[in-house]
Amino acid sequence: WESFLPSQVLVQPVQLICLYAPAYHLILEGILILWIIRLLFSKTYKLQERSDLTPKEKEELIEEWQPEPLVPPVPKDHPALNYNVVSGPPTHIITVNGKECINFASFNFLGLLDNEKVKSAAQASLKKYGVGTCGPRGFYGTFDVHLELEERLAKFMRTEEAIIYSYGFATIASAIPAYSKRGDIVFVDEAACFAIQKGLQASRSNIKLFKHNDMADLERLLKEQETEDQKNPRKARVTRRFIVVEGLYMNTGDVCPLPELIKLKYKYKVRIFLEESLSFGVLGEHGRGITEHFGINIDDIDLISANMENSLASIGGFCCGRSFIIDHQRLSGQGYCFSASLPPLLAAAAIEALNIMEDNPDIFQTLRAKCERIHELLQGISGLKVVGESFSPALHLQLEESCGSRENDVKLLKRVVDYCMNSGIALTQARYLEKEEKCLPPPRTRTGQICIELDCCLGFLFPQIIRMSVLHYSDFTLDIQVLPLMALKPDWVTGLFQYGTNAVRGRMLNFGTGE
Amino acid sequence: MLVAVLTYVGYGVLTLFGYLRDFMRQWKIEKCQNATEREEQKDFVPLYQDFENFYNRNLYMRIRDSWNRPICSVPGAKVDMMERVSHDYNWTFTYTGRVIKDIINMGSYNYLGFAQKAGTCQEAAAKVLSQYGAGVCSTRQEMGNLDKHEELEKLVARFLGVESAMAYGMGFATNSMNIPALVGKGCLILSDELNHASLVLGARLSGATIRIFKHNNMQSLEKLLKDAIVHGQPRTRRPWKKILILVEGIYSMEGSIVRLPEVIALKKKYKSYLYLDEAHSIGALGPSGRGVVEYFGLSPEDVDVMMGTFTKSFGAAGGYIGGKKELIDYLRTYSHSAVYATSLSPPVVEQIITSMKCIMGEDGTNVGKARVQQLAENTRYFRRRLKEMGFIIYGNEDSPVVPLMLYMPAKIGAFGREMLKRNIGVVVVGFPATPIIESRARFCLSAAHTKEMLDTALKEINEVGDLLQLKYSRHRLVPLLDRPFDETTYEETED
């Protein structure tokens with residue numbers, strides 16, 4: 001055993017290797033070992049930028065750096081800088097900048113803004129709960145009024161569940177990122193409103209725009225996506241797909257073709273999110289929105305989102321749908337979890353407004369009739385075209401031919417709006433953030449209709465005044481058949497509705513302007 | 001150390017059980033009480049990934065009754081809660097119809113006690129409600145700018161000591177819609193680790209580069225500033241257009257106050273801009289309630305953008321931004337909220353105006369000042385007593401937000417339920433609002449809490465702390481003697 005010295009145990013195998021292994025093998029291994037030793041002993045270096053600068057040079061750089069000013073200066077005559085000041089309640093007769101006008105600019109479609117029942121319900125709630133809720137929904141901010149409103153909305157829309165947000169803009173902007181994450185695909189209409197655009201941006205998903213209301217374009221995109229999926233089926237199995245459309249588009253005033261969308265949904269297995277801010281309380285026999293208008297089963301739509309700031313004349317928004325979908329937002333809707341809940345008086349006002357909507361389903365017919373009448377009356381104004389469906393309560397008036405640049409268009413429309421305001425009609429220019437919108441609509445004025453207080457003859461006055469303003473301020477040659485109305489001076493108009501609507505009707509018929 | 005280990009063990013056990021239950025549900029041994037997908041849509045891509053909801057199904061569902069507790073009275077110092085029971089382990093709740101009355105409310109953000117159902121604020125709001133209605137139905141730039149809004153903005157500017165201010169309908173939206181208007185691509189945002197979700201969302205929506213510095217750590221912030229200016233943008237090396245530092249006045253989950261003098265010194269040295277979110281600190285700090293800037297005795301002109309909310313100290317809703325006139329003019333034209341979102345509701349505006357005038361003392365009484373002082377006293381007393389009892393409390397001595405550490409997941413549910421049995425409503429928070437092993441209970445003090453209420457609460461907290469073994473602190477404070485200081489009294493010492 002003494003012969004088994006440790007050296008022999010070590011040396012023998014090495015000797016064997018050296019004898020039997022080919023020479024190049026040994027040489028390569030030797031080089032590898034030397035390289036490893038070199039790497040082990042060389043200095044490490046960071047992969048990020050190596051700073052070869054001395055501290056003095058760094059100080060100099062810091063001294064030299066000049067940031068831009070926090071905000072660029074805004075010219076004093078920027079049109080958006082000077083707001084119109086409304087004194088008093090913004091109802092159908094509104095006092096803008098000290099002048100009384102008929103209000104065609106607020107989205108008070110059902111006229112519930114100064115309804116006495118709504119106000120008294122809000123007063124009762126104010127006496128019981130105070131104004132604010134002092135907390136988010138998770139931490140003692142859930143009041144029984146909120147739960148009641150959610151139940152009522154779910155029942156009204158005939159869905160399983162509803163969830164309330166305290167701000168209309170935040171509703172759709174929080175709902176979309178709760179479901180659609182990075183890597184998912186969203187097909188959205190070009191004319192989608194800004195809140196949807198922000199929701200999509202926050203979700204970091206892939207966004208594919210399709211032409212406004214163009215189902216062929218959407219189908220083309222869906223087919224392309226299908227071929228992509230076949231290349232990578234594993235990824236396709238986990239990529240969620242959504243279509244986001246609006247019921248009644250804010251930017252164009254027309255409806256989306258919902259039946260075709262449902263067909264596409266089942267064919268290509270995409271989920272539909274419907275944004276019904278303008279169509280809730282407007283379309284449909286009972287005001288349930290575009291699903292009732294087209295007679296579609298509401299369970300076919302995955303999520304309906306709307307805000308309560310238009311027809312319900314309150315503040316806030318809601319989403320409704322099946323519990324499977326809505327419940328998820330209670331933990332992952334950012335505007336729901338991280339923000340204070342809706343003040344109870346506004347929730348009570350919304351409940352009362354819902355009561356009125358349910359008890360008087362004929363107001364929707366009245367609204368529709370008035371919308372169609374106004375639409376008809378506004379046709380034929382040379383120089384301006386009406387953009388929007390006949391039953392849409394929010395219309396746009398756009399210049400038929402542009403004056404050259406967007407700025408000039410905006411200036412001309414501003415003069416039209418100013419003239420109308422001086423004549424007693426409150427209009428507004430539709431405002432857009434020019435640099436932020438994906439597809440910027442052309443300049444136009446927007447009108448929002450009011451239902452109950454708007455009498456036909458006053459509505460009749462409105463297009464005539466528009467005609468006059470265009471005549472005064474544009475360079476087009478217009479064929480105006482309003483010679484008798486040329487005598488209509490602005491102060492006569494304000495005198496008109498001081499006399500009351502019946503007297504006005506009599507006077508207008510006497511004038512015989514051909515309607 | 002032991003506590004950390006036990007916490008991890010606790011989460012491990014819960015996770016194991018979670019997997020077991022999921023397994024049983026999948027194999028239909030246990031009934032699945034989750035809402036499920038429609039039959040017609042079963043072959044669509046699943047909406048939620050299984051793992052995302054694992055936490056929700058297995059951990060959150062067990063203690064879900066600590067959150068979303070419905071109340072049915074004004075959220076003042078004492079509140080009435082609707083009783084709810086669950087017969088199937090928190091999957092569904094039923095309301096028994098009974099109301100638990102007079103629960104001491106330590107969870108609502110009611111710092112100055114303006115959540116009242118009677119009083120001058122409420123009367124003024126009622127008058128405005130009957131005159132103006134509840135809604136506005138238009139955006140700020142179109143037809144939604146009421147004279148009340150202009151009045152409010154002038155008042156806010158005077159209150160803060162800045163040139164001009166602008167008010168928005170929602171505090172969350174104020175951040176998420178105005179930060180993108182101020183910074184864009186090519187700018188740098190330096191944001192604190194523990195910033196609120198609204199600041200994070202606003203920073204992400206803006207498209208600027210975001211870098212995070214450690215919570216309240218000035219060395220980390222300085223290092224980031226230096227590196228940023230010296231090296232410029234990441235790959236192109238162009239200089240940054242602007243640098244914006246986002247901090248909060250009081251951090252709502254930590255209770256810590258930002259080191260404002262040091263941040264301002266750094267900001268001036270490196271020529272960057274400061275955005276201060278005073279959601280919790282406005283009205284709650286400072287000798288006259290003007291916020292963290294007054295607390296440190298600094299000038300409001302040093303802060304470029306002062307943002308805050310009206311929800312907490314003013315008992316209303318909404319947010320504001322104050323600063324120089326150029327800034328506010330720019331925001332009036334380019335803020336997303338001014339163009340696309342509705343303005344504040346008139347009765348809410350009136351509540352803010354009345355409560356702000358009360359705090360400033362302009363309504364002729366001393367009520368505002370008294371409230372601010374009461375809040376400060378309550379804060380100091382409460383914190384001192386809790387420390388004496390041996391709990392671990394985070395945060396600054398003067399902040400009315402008091403987080404009490406619980407650590408273990410089981411104690412989250414237990415603490416909430418035990419306190420409710422004793423008629424005290426508290427807020428417990430766990431993952432994901434806090435780091436996973438640092439779950440806590442958070443108390444929000446109010447000027448409406450009287451000393452008796454605080455004493456009752458403290459007594460109950462003491463009992464529950466003994467019951468659940470929550471007194472982790474290894475420091476023991478000798479209780480301060482309540483006599484005035486004289487030479488024979490020793491100062492308090494820590495072991």
# chains A, B, ... in the order shown; residues from 1 in each chain; ligands from 1
>>> residues_around(residues="Tyr111 in chain B", least_positions_apart="3", cutoff="6 Å", atoms="only C-alpha atoms", output="list in words")
Ser313, Ser446 and Ala447 of chain B
>>> closest_atom_pairs(of="range 183-207 of chain B", to="range 329-343 of chain B", cutoff="12 Å", atoms="only C-alpha atoms", output="CSV")
residue,atom,partner,partner_atom,distance
B:Val183,CA,B:Ser335,CA,11.6
B:Gly202,CA,B:His336,CA,11.5
B:Leu205,CA,B:His336,CA,11.7
B:Ser206,CA,B:His336,CA,11.6
>>> select_by_dssp(residues="range 322-483 of chain B", states="strand (DSSP E)", output="JSON, numbers by chain")
{"B": [322, 323, 401, 402, 403, 404, 405, 424, 425, 427, 428, 429, 440, 441, 442, 443, 444]}
>>> residues_around(residues="Ile62 in chain A", least_positions_apart="6", cutoff="8 Å", atoms="only C-alpha atoms", output="MDAnalysis selection string")
chainID B and resid 226 229:230 270
>>> write_last_selection(atoms="all heavy atoms", output="PDB file, in the first residue's frame")
ATOM      1  N   LYS B 226     -27.533  64.607 -10.566  1.00  0.00           N
ATOM      2  CA  LYS B 226     -26.199  64.812 -11.137  1.00  0.00           C
ATOM      3  C   LYS B 226     -26.023  63.962 -12.378  1.00  0.00           C
ATOM      4  O   LYS B 226     -25.617  64.450 -13.427  1.00  0.00           O
ATOM      5  CB  LYS B 226     -25.146  64.372 -10.112  1.00  0.00           C
ATOM      6  CG  LYS B 226     -24.574  65.436  -9.287  1.00  0.00           C
ATOM      7  CD  LYS B 226     -23.178  65.031  -8.839  1.00  0.00           C
ATOM      8  CE  LYS B 226     -22.679  66.038  -7.825  1.00  0.00           C
ATOM      9  NZ  LYS B 226     -22.532  65.535  -6.498  1.00  0.00           N
ATOM     10  N   ILE B 229     -27.996  65.308 -15.423  1.00  0.00           N
ATOM     11  CA  ILE B 229     -27.518  66.499 -16.130  1.00  0.00           C
ATOM     12  C   ILE B 229     -26.191  66.206 -16.816  1.00  0.00           C
ATOM     13  O   ILE B 229     -25.942  66.644 -17.936  1.00  0.00           O
ATOM     14  CB  ILE B 229     -27.354  67.666 -15.150  1.00  0.00           C
ATOM     15  CG1 ILE B 229     -28.690  67.957 -14.498  1.00  0.00           C
ATOM     16  CG2 ILE B 229     -26.857  68.881 -15.873  1.00  0.00           C
ATOM     17  CD1 ILE B 229     -28.658  69.102 -13.567  1.00  0.00           C
ATOM     18  N   VAL B 230     -25.339  65.430 -16.167  1.00  0.00           N
ATOM     19  CA  VAL B 230     -24.030  65.200 -16.754  1.00  0.00           C
ATOM     20  C   VAL B 230     -24.131  64.302 -17.984  1.00  0.00           C
ATOM     21  O   VAL B 230     -23.499  64.563 -19.005  1.00  0.00           O
ATOM     22  CB  VAL B 230     -23.112  64.568 -15.698  1.00  0.00           C
ATOM     23  CG1 VAL B 230     -21.892  63.970 -16.327  1.00  0.00           C
ATOM     24  CG2 VAL B 230     -22.721  65.600 -14.670  1.00  0.00           C
ATOM     25  N   TYR B 270     -29.749  72.435  -8.971  1.00  0.00           N
ATOM     26  CA  TYR B 270     -29.706  71.753 -10.252  1.00  0.00           C
ATOM     27  C   TYR B 270     -30.721  72.268 -11.250  1.00  0.00           C
ATOM     28  O   TYR B 270     -30.956  71.654 -12.273  1.00  0.00           O
ATOM     29  CB  TYR B 270     -29.894  70.249 -10.042  1.00  0.00           C
ATOM     30  CG  TYR B 270     -28.741  69.624  -9.312  1.00  0.00           C
ATOM     31  CD1 TYR B 270     -28.788  69.408  -7.942  1.00  0.00           C
ATOM     32  CD2 TYR B 270     -27.578  69.284  -9.986  1.00  0.00           C
ATOM     33  CE1 TYR B 270     -27.716  68.865  -7.268  1.00  0.00           C
ATOM     34  CE2 TYR B 270     -26.512  68.731  -9.326  1.00  0.00           C
ATOM     35  CZ  TYR B 270     -26.587  68.527  -7.963  1.00  0.00           C
ATOM     36  OH  TYR B 270     -25.527  67.988  -7.303  1.00  0.00           O
TER      37      TYR B 270
END
>>> residues_around(residues="Lys385 in chain A", least_positions_apart="2", cutoff="9 Å", atoms="only C-alpha atoms", output="compact mmCIF listing (two decimals) with N, CA and C atoms, in the first residue's frame")
# COMPACT_ATOMS: atom_id res chain seq x y z
N LEU A 378 -81.91 73.20 -39.83
CA LEU A 378 -80.54 73.68 -40.03
C LEU A 378 -79.99 73.33 -41.40
N GLN A 379 -80.71 72.51 -42.15
CA GLN A 379 -80.21 72.19 -43.48
C GLN A 379 -80.33 73.40 -44.36
N GLY A 380 -79.51 73.47 -45.33
CA GLY A 380 -79.70 74.53 -46.33
C GLY A 380 -79.11 75.86 -45.94
N ILE A 381 -78.33 75.94 -44.89
CA ILE A 381 -77.62 77.19 -44.62
C ILE A 381 -76.37 77.14 -45.46
N SER A 382 -76.28 78.09 -46.39
CA SER A 382 -75.11 78.02 -47.27
C SER A 382 -73.87 78.34 -46.48
N GLY A 383 -72.83 77.60 -46.76
CA GLY A 383 -71.57 77.87 -46.10
C GLY A 383 -71.35 76.99 -44.90
N VAL A 387 -73.21 68.27 -39.32
CA VAL A 387 -72.59 66.96 -39.18
C VAL A 387 -73.27 66.24 -38.04
N HIS A 396 -72.92 69.10 -34.99
CA HIS A 396 -71.81 70.00 -35.30
C HIS A 396 -72.14 70.77 -36.55
N LEU A 397 -71.72 72.05 -36.55
CA LEU A 397 -71.87 72.85 -37.76
C LEU A 397 -70.48 73.14 -38.26
N GLN A 398 -70.21 72.69 -39.46
CA GLN A 398 -68.85 72.78 -39.97
C GLN A 398 -68.86 73.63 -41.21
N LEU A 399 -67.75 74.32 -41.49
CA LEU A 399 -67.69 75.12 -42.71
C LEU A 399 -67.61 74.20 -43.91
N GLU A 400 -68.38 74.52 -44.92
CA GLU A 400 -68.35 73.65 -46.10
C GLU A 400 -67.01 73.72 -46.81
>>> residues_around(residues="range 410-427 of chain B", least_positions_apart="3", cutoff="7 Å", atoms="only C-alpha atoms", output="PyMOL selection string")
(chain A and resi 139) or (chain B and resi 63+66+103-107+406+441-443+457+464)
>>> closest_residue(among="A:Pro343, A:Gly88, A:Asp52, A:Arg368", to="Gly130 in chain A", atoms="only C-alpha atoms")
A:Pro343
>>> select_by_dssp(residues="range 264-404 of chain A", states="alpha helix (DSSP H)", output="ChimeraX atom specification")
/A:264-268,290-294,323-332,334-337,344-359,363-378
>>> write_last_selection(atoms="C-alpha atoms", output="PDB file, in the first residue's frame")
ATOM      1  CA  LEU A 264     -67.750  40.376 -36.279  1.00  0.00           C
ATOM      2  CA  LYS A 265     -67.392  39.763 -32.576  1.00  0.00           C
ATOM      3  CA  TYR A 266     -68.515  36.154 -32.775  1.00  0.00           C
ATOM      4  CA  LYS A 267     -66.724  35.487 -36.024  1.00  0.00           C
ATOM      5  CA  TYR A 268     -63.315  36.666 -34.878  1.00  0.00           C
ATOM      6  CA  ILE A 290     -77.946  52.011 -28.469  1.00  0.00           C
ATOM      7  CA  THR A 291     -78.579  48.351 -27.557  1.00  0.00           C
ATOM      8  CA  GLU A 292     -82.254  49.143 -27.160  1.00  0.00           C
ATOM      9  CA  HIS A 293     -82.181  51.278 -30.307  1.00  0.00           C
ATOM     10  CA  PHE A 294     -81.001  48.312 -32.372  1.00  0.00           C
ATOM     11  CA  SER A 323     -70.578  40.469 -12.785  1.00  0.00           C
ATOM     12  CA  PHE A 324     -67.760  38.426 -14.260  1.00  0.00           C
ATOM     13  CA  ILE A 325     -66.447  41.545 -15.948  1.00  0.00           C
ATOM     14  CA  ILE A 326     -67.497  44.389 -13.674  1.00  0.00           C
ATOM     15  CA  ASP A 327     -66.262  42.847 -10.450  1.00  0.00           C
ATOM     16  CA  HIS A 328     -62.699  42.964 -11.708  1.00  0.00           C
ATOM     17  CA  GLN A 329     -62.782  46.750 -11.773  1.00  0.00           C
ATOM     18  CA  ARG A 330     -63.408  46.909  -8.052  1.00  0.00           C
ATOM     19  CA  LEU A 331     -59.815  45.976  -7.443  1.00  0.00           C
ATOM     20  CA  SER A 332     -58.075  47.109 -10.581  1.00  0.00           C
ATOM     21  CA  GLN A 334     -57.526  52.976 -10.892  1.00  0.00           C
ATOM     22  CA  GLY A 335     -60.114  55.721 -10.827  1.00  0.00           C
ATOM     23  CA  TYR A 336     -62.221  53.556  -8.495  1.00  0.00           C
ATOM     24  CA  CYS A 337     -59.676  52.290  -5.974  1.00  0.00           C
ATOM     25  CA  PRO A 344     -73.708  61.460  -1.953  1.00  0.00           C
ATOM     26  CA  LEU A 345     -75.793  64.433  -3.036  1.00  0.00           C
ATOM     27  CA  LEU A 346     -74.759  63.871  -6.649  1.00  0.00           C
ATOM     28  CA  ALA A 347     -75.579  60.179  -6.332  1.00  0.00           C
ATOM     29  CA  ALA A 348     -78.999  61.039  -4.920  1.00  0.00           C
ATOM     30  CA  ALA A 349     -79.581  63.480  -7.789  1.00  0.00           C
ATOM     31  CA  ALA A 350     -78.725  60.715 -10.251  1.00  0.00           C
ATOM     32  CA  ILE A 351     -81.141  58.282  -8.574  1.00  0.00           C
ATOM     33  CA  GLU A 352     -83.944  60.814  -8.783  1.00  0.00           C
ATOM     34  CA  ALA A 353     -83.125  61.516 -12.424  1.00  0.00           C
ATOM     35  CA  LEU A 354     -83.301  57.779 -13.106  1.00  0.00           C
ATOM     36  CA  ASN A 355     -86.704  57.707 -11.400  1.00  0.00           C
ATOM     37  CA  ILE A 356     -87.930  60.460 -13.702  1.00  0.00           C
ATOM     38  CA  MET A 357     -86.545  58.650 -16.721  1.00  0.00           C
ATOM     39  CA  GLU A 358     -88.305  55.465 -15.743  1.00  0.00           C
ATOM     40  CA  ASP A 359     -91.605  57.128 -14.934  1.00  0.00           C
ATOM     41  CA  ILE A 363     -89.588  62.333 -22.931  1.00  0.00           C
ATOM     42  CA  PHE A 364     -87.332  60.342 -25.207  1.00  0.00           C
ATOM     43  CA  GLN A 365     -89.883  60.620 -28.019  1.00  0.00           C
ATOM     44  CA  THR A 366     -90.162  64.366 -27.443  1.00  0.00           C
ATOM     45  CA  LEU A 367     -86.392  64.732 -27.532  1.00  0.00           C
ATOM     46  CA  ARG A 368     -86.127  62.764 -30.721  1.00  0.00           C
ATOM     47  CA  ALA A 369     -88.859  64.805 -32.411  1.00  0.00           C
ATOM     48  CA  LYS A 370     -87.158  68.060 -31.466  1.00  0.00           C
ATOM     49  CA  CYS A 371     -83.786  66.833 -32.612  1.00  0.00           C
ATOM     50  CA  GLU A 372     -85.174  65.872 -35.975  1.00  0.00           C
ATOM     51  CA  ARG A 373     -86.935  69.212 -36.364  1.00  0.00           C
ATOM     52  CA  ILE A 374     -83.828  71.209 -35.591  1.00  0.00           C
ATOM     53  CA  HIS A 375     -81.800  69.046 -37.912  1.00  0.00           C
ATOM     54  CA  GLU A 376     -84.263  69.709 -40.668  1.00  0.00           C
ATOM     55  CA  LEU A 377     -84.298  73.440 -40.017  1.00  0.00           C
ATOM     56  CA  LEU A 378     -80.544  73.679 -40.031  1.00  0.00           C
TER      57      LEU A 378
END
>>> residues_around(residues="Leu113 in chain A", least_positions_apart="6", cutoff="10 Å", atoms="only C-alpha atoms", output="ChimeraX atom specification")
/A:89-92,107,119,309-314,349,353 /B:132-137
>>> closest_residue(among="B:Gly395, B:Pro261, B:His449, B:Glu294", to="Val79 in chain B", atoms="only C-alpha atoms")
B:His449
>>> closest_residue(among="B:Glu460, B:Glu388, B:Asp43, B:Glu153", to="chain A", atoms="only C-alpha atoms")
B:Asp43
>>> residues_around(residues="Leu221 in chain A", least_positions_apart="6", cutoff="9 Å", atoms="only C-alpha atoms", output="JSON, numbers by chain")
{"A": [187, 208, 209, 210]}
